[in-house]
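Beneath this line is the structure, given in C-alpha cells, with notes to follow.
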Amino acid sequence: MKTSLSIRAYTKQLNCHIHDSYHQLVLPLQGNIHIDMHGFIGKVTVGECVVIPKGVAHGFNADEVARFIVADLEMLPAHLINNSLAVFSITPPLLSFINFVQRQLEYQVDQAIEDSMMNTFNLLLEQQELVQSVDPRIRVVLATIAEKLETPLTIINLAEAAYLSPTQFKKLFKDNVGTSVHKYITLQRMEKAKALLSHTDLPVQLVADRVGYTDLSAFSRRFSMHFGASPREFSRT
C-alpha cells in the first residue's frame with residue numbers, strides 16, 4: 001500500500017469498515033464528519049484531525065458538501081501511536097498546508113509534487129503537538145486571532161465572537177488553551193514577528209505593524225523580553 005493524500009467527500013448514510021493494512025487521518029477542510037469508533041464517538045470539524053488506526057472498525061458519515069483531506073499512512077509517528085487521544089487540534093501551519101494540498105490536488109496530478117507534499121505533511125505531523133480539541137466557540141476565537149494579529153484584539157470583541165460574556169470567555173479560554181487571552185495573543189504576535197524578521201525582507205517597523213504594534217519602541221521591548229534579543233538581531237534587512 002502506498003501512502004497518499006487525497007480529497008474526499010462522504011454521504012449522510014452511515015458507512016462502516018476496517019483498514020487492515022494502513023492507518024488513516026481525516027482532516028476536515030469544510031464542514032464536519034461524524035466518527036463512531038472505539039475511543040471516540042462524535043464530530044470532527046475544521047481545525048481538527050481524527051486518527052483511525054489500522055485494524056480498528058469505524059463508522060462515519062457527513063454532509064455531501066463537506067470536504068476532507070485524508071492521509072493513508074503505512075506508519076504513524078510514535079507520538080500518535082502511543083497516545084490515546086483520537087481527535088486533536090492541529091496547528092495553524094498544518095491547517096494552512098492542507099488547504100494548499102487541496103488546491104494542488106484539485107488542479108494537477110504530478111507525482112513528484114505529490115511525493116513532496118507527502119514528505120512535508122509527515123514533517124508537520126512529526127512536529128504536531130497533541131492538544132485535545134477545544135470548545136468550538138474558542139476555536140472560532142483562535143482563528144480570529146490568527147487572522148487579525150495586526151488589529152486591536154480586545155476581550156470584549158473576542159467574547160462577542162464566542163457569544164459569551166467577557167468573564168465567561170476568559171475562563172473558558174484559559175480552561176481550553178491553558179493560558180490567558182492576553183498571554184496567548186502576545187505569544188502569537190511574537191512568533192509571527194520572529195518568522196517575518198527571519199524569513200522576509202520586511203523592515204522592523206513594518207513587521208511591528210503586521211503584528212499589531214503601532215509603537216516601534218513598545219514592540220522592540222516586548223520582542224527583546226520574549227526572545228532575549230532585539231528585532232534587529234533577527235532581521236534580514
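Scheme for the C-alpha cells: letters A, B, ... for chains in order shown; per-chain residue numbers from 1; ligand numbers from 1 in order shown.
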Residues of segment 36-100 of chain A that have any atom at most 12 Å from an atom of segment 142-160 of chain A: could you tabulate them with the shortest-distance atom pair and the distance in Å to one decimal, using only C-alpha atoms, ordered by chain and increasing number, as CSV?
residue,atom,partner,partner_atom,distance
A:Val46,CA,A:Ala143,CA,10.5
A:Gly47,CA,A:Ala143,CA,9.0
A:Ser89,CA,A:Leu142,CA,11.1
A:Ile90,CA,A:Leu142,CA,11.7
A:Thr91,CA,A:Leu142,CA,10.7
A:Pro92,CA,A:Ala146,CA,8.1
A:Pro93,CA,A:Ala146,CA,10.9
A:Leu95,CA,A:Ala143,CA,10.7
A:Ser96,CA,A:Ala146,CA,11.3
Quick check for you: according to DSSP on this backbone, which residues of segment 81-150 of chain A are classed as alpha helix (DSSP H)? Reply as a count of residues only. 46
When you look at Val51 of chain A with a cut-off of 8 Å (counting only C-alpha atoms), what residues show up, excluding the ones that are within fewer than 4 positions of it in the same chain? I need them as a list of chain:residue names.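 Listed by chain and then number, they are A:His23, A:Gln24, A:Leu25, A:Val26, A:Leu80, A:Ala86, A:Val87.
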Please dump the current selection as an mmCIF file, in the first residue's frame; keep all heavy atoms.
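File part.cif, as written:
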data_model
loop_
_atom_site.group_PDB
_atom_site.id
_atom_site.type_symbol
_atom_site.label_atom_id
_atom_site.label_comp_id
_atom_site.auth_asym_id
_atom_site.auth_seq_id
_atom_site.Cartn_x
_atom_site.Cartn_y
_atom_site.Cartn_z
ATOM 1 N N HIS A 23 -3.014 2.997 8.408
ATOM 2 C CA HIS A 23 -3.660 3.957 9.300
ATOM 3 C C HIS A 23 -4.273 5.066 8.444
ATOM 4 O O HIS A 23 -3.843 5.299 7.309
ATOM 5 C CB HIS A 23 -2.644 4.584 10.260
ATOM 6 C CG HIS A 23 -1.808 3.591 10.995
ATOM 7 N ND1 HIS A 23 -2.267 2.884 12.082
ATOM 8 C CD2 HIS A 23 -0.523 3.179 10.792
ATOM 9 C CE1 HIS A 23 -1.312 2.094 12.531
ATOM 10 N NE2 HIS A 23 -0.243 2.250 11.769
ATOM 11 N N GLN A 24 -5.241 5.769 9.012
ATOM 12 C CA GLN A 24 -5.865 6.856 8.265
ATOM 13 C C GLN A 24 -6.062 8.068 9.172
ATOM 14 O O GLN A 24 -6.491 7.941 10.318
ATOM 15 C CB GLN A 24 -7.206 6.417 7.689
ATOM 16 C CG GLN A 24 -7.809 7.421 6.714
ATOM 17 C CD GLN A 24 -9.022 6.841 6.005
ATOM 18 O OE1 GLN A 24 -10.111 6.848 6.561
ATOM 19 N NE2 GLN A 24 -8.818 6.326 4.793
ATOM 20 N N LEU A 25 -5.746 9.242 8.630
ATOM 21 C CA LEU A 25 -6.019 10.516 9.289
ATOM 22 C C LEU A 25 -7.041 11.262 8.441
ATOM 23 O O LEU A 25 -6.897 11.330 7.222
ATOM 24 C CB LEU A 25 -4.756 11.374 9.419
ATOM 25 C CG LEU A 25 -3.540 10.753 10.089
ATOM 26 C CD1 LEU A 25 -2.421 11.783 10.181
ATOM 27 C CD2 LEU A 25 -3.873 10.227 11.462
ATOM 28 N N VAL A 26 -8.052 11.815 9.075
ATOM 29 C CA VAL A 26 -9.060 12.611 8.372
ATOM 30 C C VAL A 26 -9.018 14.028 8.922
ATOM 31 O O VAL A 26 -9.172 14.234 10.136
ATOM 32 C CB VAL A 26 -10.466 12.015 8.531
ATOM 33 C CG1 VAL A 26 -11.492 12.856 7.767
ATOM 34 C CG2 VAL A 26 -10.499 10.559 8.042
ATOM 35 N N LEU A 80 1.792 9.640 17.919
ATOM 36 C CA LEU A 80 0.389 9.396 17.594
ATOM 37 C C LEU A 80 -0.008 7.967 17.920
ATOM 38 O O LEU A 80 -1.126 7.703 18.365
ATOM 39 C CB LEU A 80 0.127 9.675 16.112
ATOM 40 C CG LEU A 80 0.235 11.123 15.638
ATOM 41 C CD1 LEU A 80 -0.177 11.232 14.180
ATOM 42 C CD2 LEU A 80 -0.623 12.055 16.481
ATOM 43 N N ALA A 86 -7.767 10.367 20.301
ATOM 44 C CA ALA A 86 -8.173 10.039 18.932
ATOM 45 C C ALA A 86 -8.352 11.286 18.070
ATOM 46 O O ALA A 86 -8.133 11.247 16.865
ATOM 47 C CB ALA A 86 -9.464 9.231 18.952
ATOM 48 N N VAL A 87 -8.776 12.385 18.681
ATOM 49 C CA VAL A 87 -9.014 13.631 17.957
ATOM 50 C C VAL A 87 -8.217 14.733 18.633
ATOM 51 O O VAL A 87 -8.241 14.863 19.858
ATOM 52 C CB VAL A 87 -10.512 13.995 17.947
ATOM 53 C CG1 VAL A 87 -10.735 15.340 17.264
ATOM 54 C CG2 VAL A 87 -11.322 12.907 17.253
#
Considering only C-alpha atoms, can you say which of A:Asp36, A:Glu106, A:Glu114, A:Glu64 comes closest to Leu5 of chain A? A:Glu114
Contacts of Val181 of chain A within 8 Å, only C-alpha atoms, excl. fewer than 4 positions in-chain, as a list in words: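 Contacts, with the query itself left out: Ile155, Lys170, Phe173, Lys174 and Ile185 of chain A.
Note that atom CA of Asp72 of chain A and atom CA of Gly31 of chain A are 20.4 Å apart.
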Would you return as a PyMOL selection string the members of segment 48-219 of chain A that DSSP assigns to strand (DSSP E) on this structure's backbone? chain A and resi 48-52+58-62+67-73+87-89+131-132
Resulting file, chosen residues, C-alpha atoms, as a short mmCIF file (atom, residue, chain, number, x, y, z; two decimals), in the first residue's frame:
data_model
loop_
_atom_site.label_atom_id
_atom_site.label_comp_id
_atom_site.auth_asym_id
_atom_site.auth_seq_id
_atom_site.Cartn_x
_atom_site.Cartn_y
_atom_site.Cartn_z
CA GLU A 48 -9.09 19.05 13.99
CA CYS A 49 -7.69 15.67 12.99
CA VAL A 50 -9.01 12.20 13.78
CA VAL A 51 -6.63 9.24 13.92
CA ILE A 52 -8.09 5.92 12.75
CA HIS A 58 -15.19 2.63 12.46
CA GLY A 59 -18.37 4.17 11.18
CA PHE A 60 -18.58 7.57 9.51
CA ASN A 61 -20.94 9.92 7.70
CA ALA A 62 -21.03 13.58 6.63
CA ARG A 67 -14.69 18.08 2.11
CA PHE A 68 -11.75 16.38 3.78
CA ILE A 69 -8.07 15.73 3.29
CA VAL A 70 -7.48 12.07 4.01
CA ALA A 71 -4.00 10.69 4.65
CA ASP A 72 -3.48 6.95 4.29
CA LEU A 73 -0.24 6.03 6.05
CA VAL A 87 -9.01 13.63 17.96
CA PHE A 88 -6.71 16.60 18.40
CA SER A 89 -6.46 20.24 17.33
CA VAL A 131 -3.67 19.15 22.12
CA GLN A 132 -7.15 18.00 22.97
#
Please list as a PDB file with C-alpha atoms, in the first residue's frame every residue within 10 Å of Glu74 of chain A, counting only C-alpha atoms and excluding residues in the same chain fewer than 3 positions away.
ATOM      1  CA  MET A   1       0.000   0.000   0.000  1.00  0.00           C
ATOM      2  CA  LYS A   2       1.345   3.424  -0.966  1.00  0.00           C
ATOM      3  CA  THR A   3       0.964   6.364   1.409  1.00  0.00           C
ATOM      4  CA  SER A   4      -1.201   9.073  -0.063  1.00  0.00           C
ATOM      5  CA  SER A  21      -3.068  -2.539   6.163  1.00  0.00           C
ATOM      6  CA  TYR A  22      -2.874   1.191   6.836  1.00  0.00           C
ATOM      7  CA  HIS A  23      -3.660   3.957   9.300  1.00  0.00           C
ATOM      8  CA  GLN A  24      -5.865   6.856   8.265  1.00  0.00           C
ATOM      9  CA  LYS A  54      -5.324   0.202  11.173  1.00  0.00           C
ATOM     10  CA  ALA A  71      -3.997  10.692   4.650  1.00  0.00           C
TER      11      ALA A  71
END
Pick out the closest residue to Ala195 of chain A from this set: A:Val207, A:Leu216, A:Phe100, A:Ala78. Count only C-alpha atoms.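 The closest residue to Ala195 of chain A is A:Val207.
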Near segment 222-234 of chain A, counting only C-alpha atoms, which residues have an atom at most 9 Å away, once you skip same-chain residues fewer than 4 positions from it, shown as a ChimeraX atom specification? /A:186-187,190,193-194,197-198,203-204,217-218
Given the selection you just returned, output its residues as a file containing all heavy atoms, formatted as a JSON list (two decimals), in the first residue's frame.
[["chain", "number", "residue", "atom", "x", "y", "z"],
["A", 186, "THR", "N", -0.07, 37.70, 22.83],
["A", 186, "THR", "CA", 1.32, 38.15, 22.80],
["A", 186, "THR", "C", 2.23, 37.08, 22.22],
["A", 186, "THR", "O", 3.11, 37.37, 21.39],
["A", 186, "THR", "CB", 1.79, 38.51, 24.21],
["A", 186, "THR", "OG1", 1.00, 39.61, 24.71],
["A", 186, "THR", "CG2", 3.26, 38.92, 24.22],
["A", 187, "LEU", "N", 2.03, 35.83, 22.63],
["A", 187, "LEU", "CA", 2.85, 34.74, 22.11],
["A", 187, "LEU", "C", 2.69, 34.62, 20.59],
["A", 187, "LEU", "O", 3.69, 34.50, 19.86],
["A", 187, "LEU", "CB", 2.44, 33.43, 22.77],
["A", 187, "LEU", "CG", 3.10, 32.15, 22.21],
["A", 187, "LEU", "CD1", 4.61, 32.20, 22.41],
["A", 187, "LEU", "CD2", 2.52, 30.90, 22.85],
["A", 190, "MET", "N", 4.49, 37.53, 18.87],
["A", 190, "MET", "CA", 5.95, 37.41, 18.90],
["A", 190, "MET", "C", 6.44, 36.33, 17.93],
["A", 190, "MET", "O", 7.44, 36.51, 17.23],
["A", 190, "MET", "CB", 6.41, 37.10, 20.32],
["A", 190, "MET", "CG", 6.21, 38.25, 21.32],
["A", 190, "MET", "SD", 7.07, 39.78, 20.84],
["A", 190, "MET", "CE", 5.72, 40.75, 20.16],
["A", 193, "ALA", "N", 6.13, 37.67, 14.43],
["A", 193, "ALA", "CA", 7.15, 38.69, 14.20],
["A", 193, "ALA", "C", 8.51, 38.04, 13.95],
["A", 193, "ALA", "O", 9.25, 38.43, 13.04],
["A", 193, "ALA", "CB", 7.23, 39.63, 15.40],
["A", 194, "LYS", "N", 8.83, 37.03, 14.75],
["A", 194, "LYS", "CA", 10.11, 36.32, 14.58],
["A", 194, "LYS", "C", 10.19, 35.70, 13.19],
["A", 194, "LYS", "O", 11.23, 35.78, 12.51],
["A", 194, "LYS", "CB", 10.25, 35.26, 15.65],
["A", 194, "LYS", "CG", 11.54, 34.45, 15.57],
["A", 194, "LYS", "CD", 11.57, 33.38, 16.64],
["A", 194, "LYS", "CE", 12.80, 32.49, 16.51],
["A", 194, "LYS", "NZ", 12.79, 31.40, 17.52],
["A", 197, "LEU", "N", 10.65, 38.46, 10.52],
["A", 197, "LEU", "CA", 12.00, 39.02, 10.56],
["A", 197, "LEU", "C", 13.03, 38.05, 9.99],
["A", 197, "LEU", "O", 13.97, 38.45, 9.31],
["A", 197, "LEU", "CB", 12.38, 39.39, 12.00],
["A", 197, "LEU", "CG", 11.63, 40.59, 12.60],
["A", 197, "LEU", "CD1", 11.85, 40.63, 14.11],
["A", 197, "LEU", "CD2", 12.09, 41.90, 11.97],
["A", 198, "SER", "N", 12.83, 36.75, 10.26],
["A", 198, "SER", "CA", 13.81, 35.74, 9.87],
["A", 198, "SER", "C", 13.69, 35.34, 8.41],
["A", 198, "SER", "O", 14.68, 34.94, 7.79],
["A", 198, "SER", "CB", 13.66, 34.49, 10.75],
["A", 198, "SER", "OG", 13.86, 34.80, 12.11],
["A", 203, "PRO", "N", 11.11, 45.56, 6.81],
["A", 203, "PRO", "CA", 11.78, 46.32, 7.87],
["A", 203, "PRO", "C", 11.07, 46.12, 9.21],
["A", 203, "PRO", "O", 9.90, 45.75, 9.26],
["A", 203, "PRO", "CB", 11.68, 47.77, 7.39],
["A", 203, "PRO", "CG", 10.53, 47.78, 6.45],
["A", 203, "PRO", "CD", 10.49, 46.43, 5.80],
["A", 204, "VAL", "N", 11.78, 46.37, 10.28],
["A", 204, "VAL", "CA", 11.26, 46.12, 11.64],
["A", 204, "VAL", "C", 9.97, 46.89, 11.88],
["A", 204, "VAL", "O", 9.02, 46.35, 12.47],
["A", 204, "VAL", "CB", 12.32, 46.49, 12.70],
["A", 204, "VAL", "CG1", 11.73, 46.36, 14.11],
["A", 204, "VAL", "CG2", 13.55, 45.60, 12.56],
["A", 217, "SER", "N", 8.94, 51.25, 19.65],
["A", 217, "SER", "CA", 9.69, 51.05, 20.89],
["A", 217, "SER", "C", 9.02, 49.99, 21.77],
["A", 217, "SER", "O", 9.69, 49.12, 22.34],
["A", 217, "SER", "CB", 9.80, 52.37, 21.67],
["A", 217, "SER", "OG", 10.55, 53.32, 20.94],
["A", 218, "ALA", "N", 7.70, 50.05, 21.85],
["A", 218, "ALA", "CA", 6.97, 49.06, 22.65],
["A", 218, "ALA", "C", 7.15, 47.66, 22.05],
["A", 218, "ALA", "O", 7.33, 46.67, 22.78],
["A", 218, "ALA", "CB", 5.50, 49.42, 22.71]]
